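Undergrad: Input file: coords_6.cif. Contents: mmCIF, C-alpha atoms.
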```cif
data_coords
loop_
_atom_site.label_atom_id
_atom_site.label_comp_id
_atom_site.auth_asym_id
_atom_site.auth_seq_id
_atom_site.Cartn_x
_atom_site.Cartn_y
_atom_site.Cartn_z
CA MET A 1 0.00 0.00 0.00
CA ALA A 2 2.76 2.36 0.93
CA ASP A 3 4.58 1.51 -2.28
CA ASN A 4 1.46 2.24 -4.29
CA THR A 5 1.04 5.54 -2.58
CA GLN A 6 4.57 6.44 -3.23
CA ALA A 7 4.27 5.44 -6.87
CA ALA A 8 1.20 7.62 -7.30
CA HIS A 9 2.96 10.49 -5.70
CA GLY A 10 5.95 10.09 -7.90
CA ALA A 11 3.63 10.53 -10.86
CA ASP A 12 1.74 13.40 -9.32
CA ALA A 13 3.66 16.63 -9.72
CA ALA A 14 1.40 18.48 -7.29
CA HIS A 15 2.66 16.38 -4.44
CA GLY A 16 6.36 16.73 -4.35
CA ALA A 17 8.99 14.40 -3.14
CA ALA A 18 8.59 15.61 0.41
CA ALA A 19 4.87 14.80 0.53
CA ALA A 20 5.45 11.46 -1.11
CA GLY A 21 8.16 10.63 1.35
CA HIS A 22 5.86 11.77 4.12
CA ALA A 23 3.11 9.49 2.91
CA ALA A 24 5.57 6.66 2.58
CA ASP A 25 6.45 7.02 6.25
CA ALA A 26 2.83 6.59 7.13
CA PRO A 27 1.13 3.25 7.45
CA GLY A 28 -1.47 2.36 4.83
CA MET A 29 -4.08 4.75 6.14
CA PRO A 30 -3.38 8.48 6.00
CA GLN A 31 -5.73 8.61 9.00
CA LEU A 32 -3.03 6.93 11.08
CA ASP A 33 -0.27 9.28 9.99
CA PHE A 34 0.22 10.79 13.43
CA GLY A 35 2.53 13.46 12.08
CA THR A 36 -0.48 15.32 10.70
CA PHE A 37 -2.49 15.10 13.91
CA PRO A 38 -1.32 18.37 15.50
CA ASN A 39 -2.11 20.19 12.28
CA GLN A 40 -5.58 18.68 12.00
CA ILE A 41 -6.39 19.20 15.65
CA PHE A 42 -5.20 22.81 15.61
CA TRP A 43 -7.22 23.77 12.57
CA LEU A 44 -10.23 21.78 13.77
CA ILE A 45 -10.27 23.68 17.04
CA VAL A 46 -9.98 26.96 15.16
CA ALA A 47 -12.89 25.94 12.93
CA LEU A 48 -15.04 24.76 15.84
CA VAL A 49 -14.45 27.94 17.79
CA ALA A 50 -15.31 29.98 14.70
CA ILE A 51 -18.50 27.97 14.14
CA TYR A 52 -19.41 28.24 17.81
CA PHE A 53 -19.09 32.03 17.77
CA ILE A 54 -20.91 32.38 14.47
CA LEU A 55 -23.77 30.26 15.81
CA SER A 56 -24.04 31.55 19.34
CA LYS A 57 -23.48 35.25 18.54
CA VAL A 58 -25.35 35.63 15.25
CA ALA A 59 -27.16 32.68 13.77
CA LEU A 60 -28.96 31.09 16.70
CA PRO A 61 -30.29 34.30 18.30
CA ARG A 62 -31.43 35.46 14.90
CA ILE A 63 -33.22 32.21 14.06
CA ALA A 64 -34.71 32.06 17.54
CA GLY A 65 -35.94 35.64 17.00
CA ILE A 66 -37.47 34.71 13.66
CA LEU A 67 -39.23 31.71 15.15
CA ALA A 68 -40.49 33.77 18.10
CA ASP A 69 -41.71 36.49 15.74
CA ARG A 70 -43.52 33.92 13.68
CA GLN A 71 -45.10 32.43 16.81
CA ASP A 72 -46.20 35.92 17.85
CA THR A 73 -47.59 36.63 14.41
CA ILE A 74 -49.50 33.36 14.38
CA THR A 75 -50.83 33.97 17.88
CA ASN A 76 -51.88 37.51 16.96
CA ASP A 77 -53.48 36.36 13.75
CA ILE A 78 -55.42 33.69 15.59
CA ALA A 79 -56.53 36.24 18.18
CA ALA A 80 -57.58 38.63 15.41
CA ALA A 81 -59.45 35.84 13.67
CA GLU A 82 -61.13 34.98 16.95
CA GLU A 83 -62.13 38.61 17.39
CA LEU A 84 -63.46 38.84 13.85
CA LYS A 85 -65.39 35.65 14.40
CA LEU A 86 -66.89 37.14 17.55
CA LYS A 87 -67.80 40.28 15.63
CA ALA A 88 -69.38 38.22 12.89
CA LYS A 89 -71.36 36.37 15.50
CA GLN A 90 -72.49 39.65 17.03
CA ALA A 91 -73.45 40.98 13.63
CA GLU A 92 -75.39 37.82 12.98
CA ALA A 93 -77.17 38.16 16.32
CA ALA A 94 -78.00 41.80 15.52
CA TYR A 95 -79.28 40.77 12.13
CA GLU A 96 -81.39 38.01 13.68
CA LYS A 97 -82.74 40.48 16.21
CA ALA A 98 -83.57 43.02 13.51
CA LEU A 99 -85.26 40.32 11.52
CA ALA A 100 -87.30 39.20 14.52
CA ASP A 101 -88.23 42.84 15.29
CA ALA A 102 -89.26 43.45 11.73
CA ARG A 103 -91.28 40.27 11.73
CA SER A 104 -93.08 41.15 14.96
CA GLU A 105 -93.61 44.70 13.70
CA ALA A 106 -95.08 43.32 10.52
CA THR A 107 -97.33 41.02 12.50
CA ARG A 108 -98.39 43.90 14.70
CA ILE A 109 -99.15 46.11 11.73
CA ALA A 110 -101.11 43.31 10.09
CA ASN A 111 -103.06 42.74 13.27
CA ASP A 112 -103.73 46.47 13.67
CA THR A 113 -104.84 46.74 10.09
CA LYS A 114 -107.04 43.70 10.49
CA ALA A 115 -108.57 45.14 13.68
CA ALA A 116 -109.10 48.52 12.05
CA MET A 117 -110.70 46.92 9.04
CA GLN A 118 -112.86 44.78 11.32
CA ALA A 119 -113.96 47.88 13.18
CA ASP A 120 -114.76 49.68 9.95
CA LEU A 121 -116.59 46.65 8.73
CA ASN A 122 -118.56 46.32 11.95
CA GLU A 123 -119.47 49.98 11.82
CA ALA A 124 -120.55 49.72 8.23
CA ILE A 125 -122.56 46.60 8.96
CA GLU A 126 -124.19 48.28 11.91
CA LYS A 127 -124.99 51.33 9.85
CA ALA A 128 -126.38 49.20 7.09
CA ASP A 129 -128.43 47.22 9.59
CA ALA A 130 -129.78 50.40 11.07
CA GLU A 131 -130.66 51.71 7.66
CA ILE A 132 -132.23 48.45 6.73
CA SER A 133 -134.32 48.38 9.86
CA ALA A 134 -135.28 52.04 9.35
CA ARG A 135 -136.32 51.34 5.81
CA ALA A 136 -138.17 48.24 6.91
CA ALA A 137 -140.01 50.22 9.54
CA GLU A 138 -140.88 52.84 7.00
CA SER A 139 -142.11 50.24 4.60
CA GLU A 140 -144.11 48.59 7.30
CA LYS A 141 -145.68 51.92 8.13
CA ALA A 142 -146.47 52.57 4.50
CA ILE A 143 -147.96 49.09 4.21
CA ALA A 144 -150.04 49.70 7.34
CA GLU A 145 -151.23 52.98 5.96
CA ILE A 146 -152.09 51.34 2.68
CA ARG A 147 -153.84 48.57 4.55
CA ALA A 148 -155.75 51.10 6.67
CA SER A 149 -156.75 53.17 3.69
CA ALA A 150 -157.75 49.99 1.92
CA LEU A 151 -159.92 49.02 4.84
CA GLU A 152 -161.44 52.46 4.87
CA SER A 153 -162.10 52.25 1.16
CA VAL A 154 -163.70 48.82 1.64
CA GLU A 155 -165.98 50.31 4.26
CA ALA A 156 -166.91 53.24 2.05
CA VAL A 157 -167.43 51.00 -0.95
CA ALA A 158 -169.51 48.65 1.18
CA LYS A 159 -171.64 51.46 2.46
CA ASP A 160 -172.07 52.95 -0.99
CA THR A 161 -172.88 49.58 -2.44
CA THR A 162 -175.26 48.86 0.36
CA GLY A 163 -176.93 52.26 -0.17
CA ALA A 164 -177.16 51.66 -3.89
CA LEU A 165 -178.52 48.12 -3.29
CA VAL A 166 -181.08 49.38 -0.89
CA ALA A 167 -182.12 52.10 -3.37
CA ALA A 168 -182.26 49.68 -6.18
CA LEU A 169 -184.46 47.37 -4.17
CA GLY A 170 -186.78 50.29 -3.67
CA GLY A 171 -186.09 50.91 -0.15
CA GLN A 172 -185.59 54.21 1.48
CA ALA A 173 -182.02 54.21 2.37
CA ASP A 174 -181.39 55.54 5.84
CA GLU A 175 -177.76 56.43 5.95
CA GLY A 176 -177.44 55.85 9.68
CA ARG A 177 -178.86 52.42 9.58
CA ILE A 178 -176.86 51.41 6.54
CA ASN A 179 -173.65 52.50 8.24
CA ALA A 180 -174.52 50.60 11.39
CA ALA A 181 -175.40 47.52 9.43
CA VAL A 182 -172.20 47.61 7.36
CA ASP A 183 -170.07 48.20 10.46
CA ALA A 184 -171.74 45.30 12.19
CA ARG A 185 -171.10 43.07 9.18
CA LEU A 186 -167.47 44.18 8.85
CA LYS A 187 -166.85 43.38 12.47
CA GLY A 188 -168.50 40.08 12.18
CA MET B 1 -7.40 7.75 -8.50
CA ALA B 2 -6.60 4.49 -10.23
CA THR B 3 -4.13 4.41 -13.03
CA GLU B 4 -3.42 1.68 -15.48
CA SER B 5 0.21 0.87 -14.91
CA SER B 6 2.63 -0.02 -17.67
CA GLU B 7 2.07 -3.70 -16.96
CA GLY B 8 -1.65 -3.22 -17.76
CA GLY B 9 -2.86 -4.08 -14.28
CA LEU B 10 -5.14 -1.87 -12.23
CA VAL B 11 -3.66 0.20 -9.46
CA PHE B 12 -5.99 1.56 -6.81
CA HIS B 13 -5.28 4.45 -4.54
CA PRO B 14 -8.54 4.68 -2.62
CA MET B 15 -6.82 6.19 0.39
CA ASP B 16 -4.92 8.95 -1.41
CA GLN B 17 -7.89 11.25 -1.03
CA PHE B 18 -7.31 11.28 2.71
CA ILE B 19 -3.67 12.41 2.57
CA VAL B 20 -3.01 15.62 4.43
CA SER B 21 -0.76 17.86 2.37
CA PRO B 22 0.29 21.50 2.62
CA LEU B 23 -1.62 23.97 0.48
CA PHE B 24 1.45 25.96 -0.47
CA GLY B 25 4.77 24.32 -1.20
CA ASP B 26 5.82 20.88 -0.11
CA GLY B 27 7.25 21.46 3.30
CA PRO B 28 6.57 19.25 6.28
CA VAL B 29 3.17 19.45 7.90
CA ALA B 30 3.70 21.43 11.06
CA TRP B 31 0.79 22.17 13.42
CA TYR B 32 0.29 25.64 11.93
CA THR B 33 0.80 24.77 8.23
CA PRO B 34 -2.20 25.67 6.10
CA THR B 35 -3.13 22.33 4.59
CA ASN B 36 -6.03 20.88 2.64
CA VAL B 37 -7.54 20.22 6.06
CA THR B 38 -7.41 23.96 6.71
CA LEU B 39 -9.02 24.69 3.35
CA TRP B 40 -11.91 22.30 3.82
CA LEU B 41 -12.46 23.30 7.44
CA ALA B 42 -12.59 26.91 6.27
CA LEU B 43 -15.08 25.95 3.56
CA THR B 44 -17.15 24.18 6.22
CA VAL B 45 -17.20 27.32 8.36
CA ALA B 46 -18.07 29.42 5.31
CA ALA B 47 -20.88 27.06 4.28
CA ILE B 48 -22.34 27.13 7.78
CA ALA B 49 -22.17 30.91 7.85
CA LEU B 50 -23.82 31.06 4.44
CA LEU B 51 -26.55 28.66 5.48
CA LEU B 52 -27.36 29.99 8.94
CA VAL B 53 -26.32 33.66 8.82
CA ASN B 54 -26.65 34.84 5.24
CA SER B 55 -29.95 33.10 4.61
CA THR B 56 -31.54 34.63 7.71
CA ARG B 57 -30.41 38.17 6.92
CA ASP B 58 -33.89 39.25 5.81
CA ALA B 59 -35.54 37.46 8.74
CA ARG B 60 -38.84 37.10 6.98
CA VAL B 61 -41.88 35.82 8.83
CA VAL B 62 -42.75 33.73 5.80
CA PRO B 63 -39.39 32.11 5.06
CA GLY B 64 -37.72 31.57 1.71
CA LYS B 65 -35.96 28.35 0.76
CA ALA B 66 -32.61 29.04 2.40
CA GLN B 67 -34.20 30.47 5.52
CA SER B 68 -36.45 27.40 5.73
CA ILE B 69 -33.40 25.15 5.71
CA ALA B 70 -31.76 27.21 8.44
CA GLU B 71 -34.94 27.07 10.54
CA LEU B 72 -35.32 23.36 9.85
CA ALA B 73 -31.77 22.68 11.05
CA TYR B 74 -32.36 24.81 14.15
CA GLY B 75 -35.67 23.11 14.93
CA PHE B 76 -34.25 19.66 14.27
CA VAL B 77 -31.37 20.01 16.72
CA TYR B 78 -33.36 22.03 19.25
CA LYS B 79 -36.08 19.39 19.38
CA MET B 80 -33.45 16.67 19.69
CA VAL B 81 -31.81 18.42 22.64
CA VAL B 82 -35.12 19.04 24.41
CA ASP B 83 -36.47 15.56 23.73
CA VAL B 84 -33.35 13.74 24.89
CA THR B 85 -31.91 15.90 27.67
CA GLY B 86 -35.03 17.72 28.80
CA LYS B 87 -35.62 21.44 29.25
CA ASP B 88 -32.48 21.96 31.35
CA GLY B 89 -30.35 20.78 28.44
CA VAL B 90 -31.36 23.79 26.36
CA LYS B 91 -28.44 25.90 27.61
CA TYR B 92 -26.06 23.43 25.94
CA PHE B 93 -27.97 23.73 22.67
CA PRO B 94 -25.38 26.03 20.97
CA TYR B 95 -22.64 23.44 21.60
CA ILE B 96 -24.74 20.59 20.24
CA MET B 97 -25.75 22.74 17.28
CA THR B 98 -22.08 23.54 16.60
CA LEU B 99 -21.24 19.84 16.61
CA PHE B 100 -24.16 18.88 14.40
CA MET B 101 -23.67 21.67 11.87
CA PHE B 102 -19.93 21.01 11.66
CA ILE B 103 -20.34 17.27 11.10
CA VAL B 104 -23.25 17.44 8.68
CA VAL B 105 -21.72 20.21 6.56
CA ALA B 106 -18.26 18.63 6.57
CA ASN B 107 -19.77 15.29 5.56
CA PHE B 108 -21.70 16.81 2.68
CA LEU B 109 -18.76 18.93 1.52
CA GLY B 110 -16.68 15.76 1.52
CA LEU B 111 -19.05 14.29 -1.03
CA LEU B 112 -18.06 16.90 -3.62
CA PRO B 113 -15.71 15.48 -6.23
CA MET B 114 -12.04 16.16 -5.40
CA ALA B 115 -13.05 17.19 -1.89
CA PHE B 116 -11.16 16.39 1.26
CA THR B 117 -13.38 14.85 3.92
CA THR B 118 -12.29 16.27 7.25
CA THR B 119 -14.65 14.05 9.22
CA SER B 120 -13.08 10.91 7.75
CA HIS B 121 -10.01 11.55 9.88
CA ILE B 122 -9.85 9.91 13.24
CA ALA B 123 -7.89 12.91 14.52
CA VAL B 124 -10.88 15.14 13.85
CA THR B 125 -13.59 12.86 15.16
CA ALA B 126 -11.47 11.90 18.17
CA VAL B 127 -11.18 15.56 19.14
CA LEU B 128 -14.93 15.90 18.87
CA ALA B 129 -15.61 12.72 20.83
CA VAL B 130 -13.04 13.45 23.52
CA ALA B 131 -14.41 16.96 23.87
CA VAL B 132 -17.89 15.52 24.40
CA PHE B 133 -16.54 12.90 26.80
CA LEU B 134 -14.61 15.41 28.89
CA THR B 135 -17.47 17.91 28.87
CA VAL B 136 -19.97 15.29 29.98
CA THR B 137 -17.69 13.86 32.66
CA ILE B 138 -16.68 17.23 34.11
CA LEU B 139 -20.24 18.53 33.89
CA GLY B 140 -21.50 15.38 35.59
CA PHE B 141 -19.19 15.87 38.55
CA VAL B 142 -19.75 19.62 38.75
CA LEU B 143 -23.54 19.32 38.69
CA ASN B 144 -23.96 16.17 40.77
CA GLY B 145 -20.76 15.91 42.81
CA PRO B 146 -19.66 12.39 43.77
CA SER B 147 -23.21 11.15 43.28
CA PHE B 148 -22.45 11.22 39.57
CA LEU B 149 -20.68 7.92 40.22
CA GLY B 150 -24.07 6.49 41.17
CA MET B 151 -24.65 6.22 37.43
CA PHE B 152 -22.41 3.14 37.48
CA TRP B 153 -24.14 1.53 40.45
CA VAL B 154 -27.30 -0.02 39.05
CA SER B 155 -29.52 0.08 42.12
CA SER B 156 -32.37 -1.68 40.37
CA ALA B 157 -30.26 -4.81 39.87
CA PRO B 158 -29.88 -7.57 42.51
CA LEU B 159 -27.09 -6.76 44.98
CA PRO B 160 -24.65 -9.54 43.99
CA LEU B 161 -24.82 -8.45 40.36
CA ARG B 162 -24.14 -4.78 41.05
CA PRO B 163 -20.32 -4.88 41.21
CA VAL B 164 -20.22 -6.79 37.94
CA LEU B 165 -22.63 -4.38 36.32
CA ALA B 166 -20.64 -1.45 37.72
CA LEU B 167 -17.50 -2.79 36.08
CA ILE B 168 -19.31 -3.22 32.77
CA GLU B 169 -20.81 0.25 33.06
CA VAL B 170 -17.42 1.84 33.76
CA ILE B 171 -15.83 0.04 30.82
CA SER B 172 -18.67 1.01 28.51
CA TYR B 173 -18.42 4.58 29.75
CA PHE B 174 -14.77 4.79 28.77
CA VAL B 175 -15.36 3.02 25.48
CA ARG B 176 -17.90 5.70 24.55
CA PRO B 177 -15.46 8.22 23.04
CA VAL B 178 -13.75 5.45 21.09
CA SER B 179 -16.94 4.13 19.48
CA HIS B 180 -18.26 7.67 19.17
CA SER B 181 -15.30 8.82 17.08
CA ILE B 182 -14.50 5.66 15.14
CA ARG B 183 -18.12 5.24 14.08
CA LEU B 184 -18.13 8.59 12.31
CA ALA B 185 -14.63 8.45 10.84
CA GLY B 186 -15.04 4.83 9.82
CA ASN B 187 -18.31 5.42 8.03
CA MET B 188 -17.02 8.42 6.16
CA MET B 189 -13.72 6.82 5.24
CA ALA B 190 -15.20 3.48 4.15
CA GLY B 191 -17.84 5.03 1.90
CA HIS B 192 -15.37 7.33 0.18
CA ALA B 193 -12.81 4.56 -0.23
CA VAL B 194 -15.42 2.25 -1.76
CA ILE B 195 -16.42 4.94 -4.24
CA LYS B 196 -12.76 5.34 -5.20
CA VAL B 197 -12.38 1.58 -5.64
CA PHE B 198 -15.39 1.51 -7.96
CA ALA B 199 -13.94 4.50 -9.80
CA GLY B 200 -10.72 2.52 -10.25
CA PHE B 201 -12.62 -0.19 -12.09
CA ALA B 202 -13.89 2.43 -14.56
CA ALA B 203 -10.47 2.25 -16.24
CA ILE B 204 -11.52 -1.08 -17.78
CA ALA B 205 -13.85 -0.21 -20.66
CA ALA B 206 -16.00 -3.32 -20.32
CA ILE B 207 -16.75 -2.75 -16.67
CA SER B 208 -16.97 1.03 -16.70
CA PRO B 209 -20.79 1.28 -17.17
CA LEU B 210 -21.30 -1.01 -14.19
CA SER B 211 -18.70 0.99 -12.34
CA VAL B 212 -20.55 4.24 -13.01
CA VAL B 213 -23.82 2.71 -11.80
CA ALA B 214 -22.10 1.41 -8.69
CA ILE B 215 -20.55 4.81 -7.99
CA THR B 216 -23.95 6.46 -8.39
CA ALA B 217 -25.56 3.98 -6.02
CA MET B 218 -22.76 4.34 -3.48
CA TYR B 219 -22.96 8.09 -3.75
CA GLY B 220 -26.68 7.98 -2.98
CA LEU B 221 -25.99 5.79 0.00
CA GLU B 222 -23.20 8.10 1.12
CA VAL B 223 -25.54 11.11 1.04
CA LEU B 224 -27.78 9.20 3.42
CA VAL B 225 -24.86 8.06 5.57
CA SER B 226 -23.50 11.62 5.77
CA PHE B 227 -26.69 12.84 7.35
CA ILE B 228 -27.34 9.78 9.48
CA GLN B 229 -23.84 9.77 10.95
CA ALA B 230 -24.14 13.45 11.84
CA TYR B 231 -27.51 12.67 13.43
CA VAL B 232 -26.14 9.64 15.31
CA PHE B 233 -23.13 11.58 16.59
CA THR B 234 -25.37 14.41 17.78
CA ILE B 235 -28.04 12.29 19.41
CA LEU B 236 -25.39 10.22 21.21
CA THR B 237 -23.90 13.49 22.46
CA CYS B 238 -27.36 14.39 23.76
CA VAL B 239 -27.70 10.99 25.42
CA TYR B 240 -24.33 11.37 27.13
CA LEU B 241 -25.26 14.89 28.16
CA ARG B 242 -28.45 13.57 29.71
CA ASP B 243 -26.33 11.21 31.81
CA ALA B 244 -24.44 14.21 33.11
CA LEU B 245 -27.62 16.18 33.85
CA HIS B 246 -29.69 13.33 35.25
CA PRO B 247 -27.32 10.50 36.25
CA HIS B 248 -30.05 8.60 38.11
CA HIS B 249 -32.36 7.48 35.38
#
```
Would it be possible to restate this file's structure as structure tokens?

TA:
Amino acid sequence: MADNTQAAHGADAAHGAAAAGHAADAPGMPQLDFGTFPNQIFWLIVALVAIYFILSKVALPRIAGILADRQDTITNDIAAAEELKLKAKQAEAAYEKALADARSEATRIANDTKAAMQADLNEAIEKADAEISARAAESEKAIAEIRASALESVEAVAKDTTGALVAALGGQADEGRINAAVDARLKG
Amino acid sequence: MATESSEGGLVFHPMDQFIVSPLFGDGPVAWYTPTNVTLWLALTVAAIALLLVNSTRDARVVPGKAQSIAELAYGFVYKMVVDVTGKDGVKYFPYIMTLFMFIVVANFLGLLPMAFTTTSHIAVTAVLAVAVFLTVTILGFVLNGPSFLGMFWVSSAPLPLRPVLALIEVISYFVRPVSHSIRLAGNMMAGHAVIKVFAGFAAIAAISPLSVVAITAMYGLEVLVSFIQAYVFTILTCVYLRDALHPHH
């Protein structure tokens, strides 16, 4: 293995004789070339310290800040959404209430109108009834008058006829007696 | 990485990709030499900064793609820490996040062609694992005092068994950093080496289509392994941390 390494290095101009000789000293694995350990350890510690300071001074606080900001934003947004939801609910309740009010108002107005119309109707009916009864009474009176006058006429006609009959039969018509006789008959 | 030698045989160099070499010149690798390790560690740092800092510059409430990834990574690790260690583990979250981001980004960068995989080196993963081990051990004693040792004394077991169990627990406790580091380095190294071996076969014309298919399949698997190993390393760190915070389970 060491021979191979050396051969490769002989061919490779980038690694000079010193490096090739160095590799040849090493066992098969460059990992076990203890001569390079101080170098590796020194630079590793430098790199680790650099990374540690980059992370702890800049990167980690910054990322933590970003994550905290995001958490805050999310929390705030959720709170805002919750608030908006509450507002929407309130608006809905107000709308429902307005609707119910309007509905009851409408019902009330309908009822009022119905009552008013009923009252008007009742009044009109009453008036009509009164008129009808007045007319009926009038008619009745007229009929009674007609009946009375008719009766009177019957009496007069009866008396006249009776007088004429009596005269025609050659009797001396006594008006008083004729009247009495007709009256008695009519009553009978 | 494989070359057909003059004899016509195949020569594989699956491990050459792991060689640590200086960026400038060919001098010896001293502890301060800028090497390919330095380059790829720097790229890892830059990628993490790009991903977690640059993408969150606008800090939008509704995130874009890059910001989503950054937030996802944050949430992923944060949830892991809270779920495993509990609320009191949150103050160690930056450390865990550092570990996770380093491993996952280094693993993925290592999957780029011609890349150097820093996490495939036992030196790197051992430092990470030993750091976790020392942190957990010291933290355990600082927070709990000597009662931290009660972790090894399984009081729910029958009395005669307890010393045996304690021995096993102590051994397993000290094996933790070993398995913790070798698991990560081993996975990363093996996958990359296998890809290179398949790539070596591509030099033979007859096999090259199969080789390409195999490389593609291995690459897909390696993408998965890169994330899973970062996840495993991190969640084990959380588990060990929980032992330090709450030794009496």

Undergrad: Evaluate the PyMOL selection byres ((chain B) within 8 of (chain A)) on the structure here and hand back the selected residues as a PyMOL selection string.

TA: chain B and resi 11-13+15-16+18-21+26-33+37-38+41-42+45+48-49+52-53+56+59-62+70-71+74+94-95+97-99+102+120-124+127

Undergrad: Any chance you could resolve the PyMOL selection byres ((chain B and resi 107) around 9) against this file and give the residues as a ChimeraX atom specification?

TA: /B:102-106,108-111,117-120,188,223,225-227,229-230

Undergrad: Which residues come within 10 Å of Asn179 of chain A, counting only C-alpha atoms, excluding same-chain residues fewer than 4 positions away, as a PDB file with C-alpha atoms, keeping the file's coordinate frame?

TA:
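Printed below is around14.pdb as written:
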```pdb
ATOM      1  CA  GLU A 155    -165.980  50.310   4.260  1.00  0.00           C
ATOM      2  CA  ALA A 156    -166.910  53.240   2.050  1.00  0.00           C
ATOM      3  CA  ALA A 158    -169.510  48.650   1.180  1.00  0.00           C
ATOM      4  CA  LYS A 159    -171.640  51.460   2.460  1.00  0.00           C
ATOM      5  CA  ASP A 160    -172.070  52.950  -0.990  1.00  0.00           C
ATOM      6  CA  THR A 162    -175.260  48.860   0.360  1.00  0.00           C
ATOM      7  CA  GLY A 163    -176.930  52.260  -0.170  1.00  0.00           C
ATOM      8  CA  ASP A 174    -181.390  55.540   5.840  1.00  0.00           C
ATOM      9  CA  GLU A 175    -177.760  56.430   5.950  1.00  0.00           C
ATOM     10  CA  ASP A 183    -170.070  48.200  10.460  1.00  0.00           C
ATOM     11  CA  ALA A 184    -171.740  45.300  12.190  1.00  0.00           C
ATOM     12  CA  ARG A 185    -171.100  43.070   9.180  1.00  0.00           C
TER      13      ARG A 185
END
```

Undergrad: Excluding Val90 of chain B and residues on its chain fewer than 6 positions from it, collect all residues at most 10 Å away from it, counting all atoms listed in the file, and give them as JSON, numbers by chain.

TA: {"B": [78, 79, 80, 81, 82, 96]}

Undergrad: Just give me the gap between atom CA of Leu72 of chain B and atom CA of Ala190 of chain B in Å, one decimal is fine.

TA: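 Separating atom CA of Leu72 of chain B from atom CA of Ala190 of chain B is a distance of 28.9 Å.
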
Undergrad: What does the distance from atom CA of Ser133 of chain A to atom CA of Ala150 of chain A come to in Å, to one decimal?

TA: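 Taking atom CA of Ser133 of chain A and atom CA of Ala150 of chain A, their separation equals 24.8 Å.
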
Undergrad: N, CA, C and O atoms are what I want for segment 183-194 of chain B; can you complete it accordingly and write them as a CSV table (one decimal), in the coordinates of the input?

TA:
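Everything below was put into result30.csv:
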```
chain,number,residue,atom,x,y,z
B,183,ARG,N,-16.9,5.4,14.9
B,183,ARG,CA,-18.1,5.2,14.1
B,183,ARG,C,-18.2,6.3,12.9
B,183,ARG,O,-18.4,5.9,11.8
B,184,LEU,N,-18.0,7.5,13.3
B,184,LEU,CA,-18.1,8.6,12.3
B,184,LEU,C,-17.0,8.5,11.3
B,184,LEU,O,-17.3,8.5,10.1
B,185,ALA,N,-15.8,8.5,11.8
B,185,ALA,CA,-14.6,8.4,10.8
B,185,ALA,C,-14.7,7.2,10.0
B,185,ALA,O,-14.5,7.3,8.7
B,186,GLY,N,-15.0,6.1,10.6
B,186,GLY,CA,-15.0,4.8,9.8
B,186,GLY,C,-16.1,4.9,8.7
B,186,GLY,O,-15.8,4.5,7.6
B,187,ASN,N,-17.3,5.3,9.0
B,187,ASN,CA,-18.3,5.4,8.0
B,187,ASN,C,-17.9,6.3,6.9
B,187,ASN,O,-18.1,6.0,5.7
B,188,MET,N,-17.4,7.5,7.2
B,188,MET,CA,-17.0,8.4,6.2
B,188,MET,C,-15.9,7.9,5.3
B,188,MET,O,-15.9,7.9,4.1
B,189,MET,N,-14.9,7.3,6.0
B,189,MET,CA,-13.7,6.8,5.2
B,189,MET,C,-14.1,5.6,4.4
B,189,MET,O,-13.8,5.6,3.2
B,190,ALA,N,-14.9,4.7,4.9
B,190,ALA,CA,-15.2,3.5,4.2
B,190,ALA,C,-16.0,3.8,2.9
B,190,ALA,O,-15.7,3.4,1.8
B,191,GLY,N,-17.0,4.7,3.1
B,191,GLY,CA,-17.8,5.0,1.9
B,191,GLY,C,-17.0,5.7,0.8
B,191,GLY,O,-17.1,5.3,-0.4
B,192,HIS,N,-16.2,6.6,1.2
B,192,HIS,CA,-15.4,7.3,0.2
B,192,HIS,C,-14.4,6.4,-0.5
B,192,HIS,O,-14.1,6.5,-1.7
B,193,ALA,N,-13.8,5.5,0.3
B,193,ALA,CA,-12.8,4.6,-0.2
B,193,ALA,C,-13.5,3.6,-1.2
B,193,ALA,O,-13.0,3.3,-2.3
B,194,VAL,N,-14.7,3.2,-0.9
B,194,VAL,CA,-15.4,2.2,-1.8
B,194,VAL,C,-15.7,2.9,-3.1
B,194,VAL,O,-15.6,2.4,-4.2
```
